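Undergrad: Let me give you the structure first, and then I'll get to my questions.
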Amino acid sequence: MRTLLALIALLAGCATVQVPGPAQEPVPAPEPAARTENLAIAGLLEGARADAAGGRLANAAASLERALRIEPRNPRLWQELARVRLKQGDHAQAESTAARSNSFAGGDSALRAENWRLIAQARDGRGDAEGARAALEAAERQR
């Protein structure tokens with residue numbers, strides 16, 4: 001019984017009483033980090049497209065790789081990098097990155113179809129006419 005009373009006394013000493021005071025405005029939650037990252041991605045993507053259009057393909061690839069470090073599962077970034085690799089003449093990397101884009105594309109059939117067309121161009125660039133034909137057929141099946 002003494003132990004119980006001691007425990008109650010101990011717990012009572014830990015209790016706090018809230019004194020009513022003036023109502024306070026709730027503090028707004030900070031912006032989520034994802035929004036900042038999306039702005040960063042948009043800036044990097046815009047810069048990469050400008051660099052690619054200006055023939056600065058190494059810069060474009062570097063910007064896209066930076067964006068992919070932020071959002072590694074973004075299929076549009078992988079697709080854009082595949083386009084740059086194709087322009088650089090790196091057909092193996094173009095095919096690989098387009099395939100990676102497809103692995104993250106989910107149900108976006110238009111994105112998947114465009115990736116298959118990029119794969120077809122990459123295979124054609126390597127002299128694989130049969131593989132290119134198969135990739136174009138896969139693109140058509142995405143419709």
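Residue numbers start at 1 in each chain; chains themselves are named A, B, ... in the order of the structure tokens; ligands are numbered from 1 in the order shown.
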Near Gln93 of chain A, within 10 Å and counting only C-alpha atoms, which residues show up once chain neighbours fewer than 2 positions away are dropped, as a count of residues only?
TA: 17
Undergrad: Within 9 Å of Asn59 of chain A, counting only C-alpha atoms, which residues qualify if same-chain residues fewer than 4 places away don't, as a list in words?
TA: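 The residues satisfying every condition are Gly47, Ala48, Asp51, Ala52, Ser63 and Leu64 of chain A.
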Undergrad: For the residues in that selection, give me all heavy atoms as a JSON list (two decimals), in the first residue's frame.
TA:
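Now in again.json:
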```json
[["chain", "number", "residue", "atom", "x", "y", "z"],
["A", 47, "GLY", "N", 17.68, 23.85, -68.06],
["A", 47, "GLY", "CA", 19.07, 24.10, -68.45],
["A", 47, "GLY", "C", 19.61, 23.01, -69.36],
["A", 47, "GLY", "O", 20.33, 23.29, -70.32],
["A", 48, "ALA", "N", 19.26, 21.78, -69.05],
["A", 48, "ALA", "CA", 19.73, 20.66, -69.87],
["A", 48, "ALA", "C", 19.17, 20.74, -71.28],
["A", 48, "ALA", "O", 19.89, 20.50, -72.26],
["A", 48, "ALA", "CB", 19.33, 19.34, -69.23],
["A", 51, "ASP", "N", 20.99, 23.50, -73.09],
["A", 51, "ASP", "CA", 22.34, 23.05, -73.44],
["A", 51, "ASP", "C", 22.30, 22.08, -74.62],
["A", 51, "ASP", "O", 23.12, 22.17, -75.54],
["A", 51, "ASP", "CB", 23.03, 22.38, -72.24],
["A", 51, "ASP", "CG", 23.55, 23.39, -71.23],
["A", 51, "ASP", "OD1", 23.78, 24.56, -71.62],
["A", 51, "ASP", "OD2", 23.73, 23.00, -70.06],
["A", 52, "ALA", "N", 21.35, 21.14, -74.60],
["A", 52, "ALA", "CA", 21.25, 20.17, -75.70],
["A", 52, "ALA", "C", 20.92, 20.87, -77.01],
["A", 52, "ALA", "O", 21.51, 20.56, -78.05],
["A", 52, "ALA", "CB", 20.19, 19.11, -75.37],
["A", 63, "SER", "N", 23.77, 18.09, -66.18],
["A", 63, "SER", "CA", 22.58, 18.65, -65.49],
["A", 63, "SER", "C", 21.56, 17.56, -65.22],
["A", 63, "SER", "O", 20.96, 17.51, -64.14],
["A", 63, "SER", "CB", 21.95, 19.76, -66.33],
["A", 63, "SER", "OG", 22.80, 20.88, -66.40],
["A", 64, "LEU", "N", 21.34, 16.70, -66.20],
["A", 64, "LEU", "CA", 20.37, 15.61, -66.01],
["A", 64, "LEU", "C", 20.84, 14.62, -64.96],
["A", 64, "LEU", "O", 20.03, 14.13, -64.16],
["A", 64, "LEU", "CB", 20.10, 14.92, -67.35],
["A", 64, "LEU", "CG", 19.34, 15.79, -68.35],
["A", 64, "LEU", "CD1", 19.42, 15.20, -69.75],
["A", 64, "LEU", "CD2", 17.90, 15.96, -67.91]]
```
Undergrad: Hey, which of A:Ala92, A:Ala134, A:Ala62, A:Ala139 ends up closest to Leu111 of chain A? Count only C-alpha atoms.
TA: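 That would be A:Ala139, the residue with the smallest distance to Leu111 of chain A.
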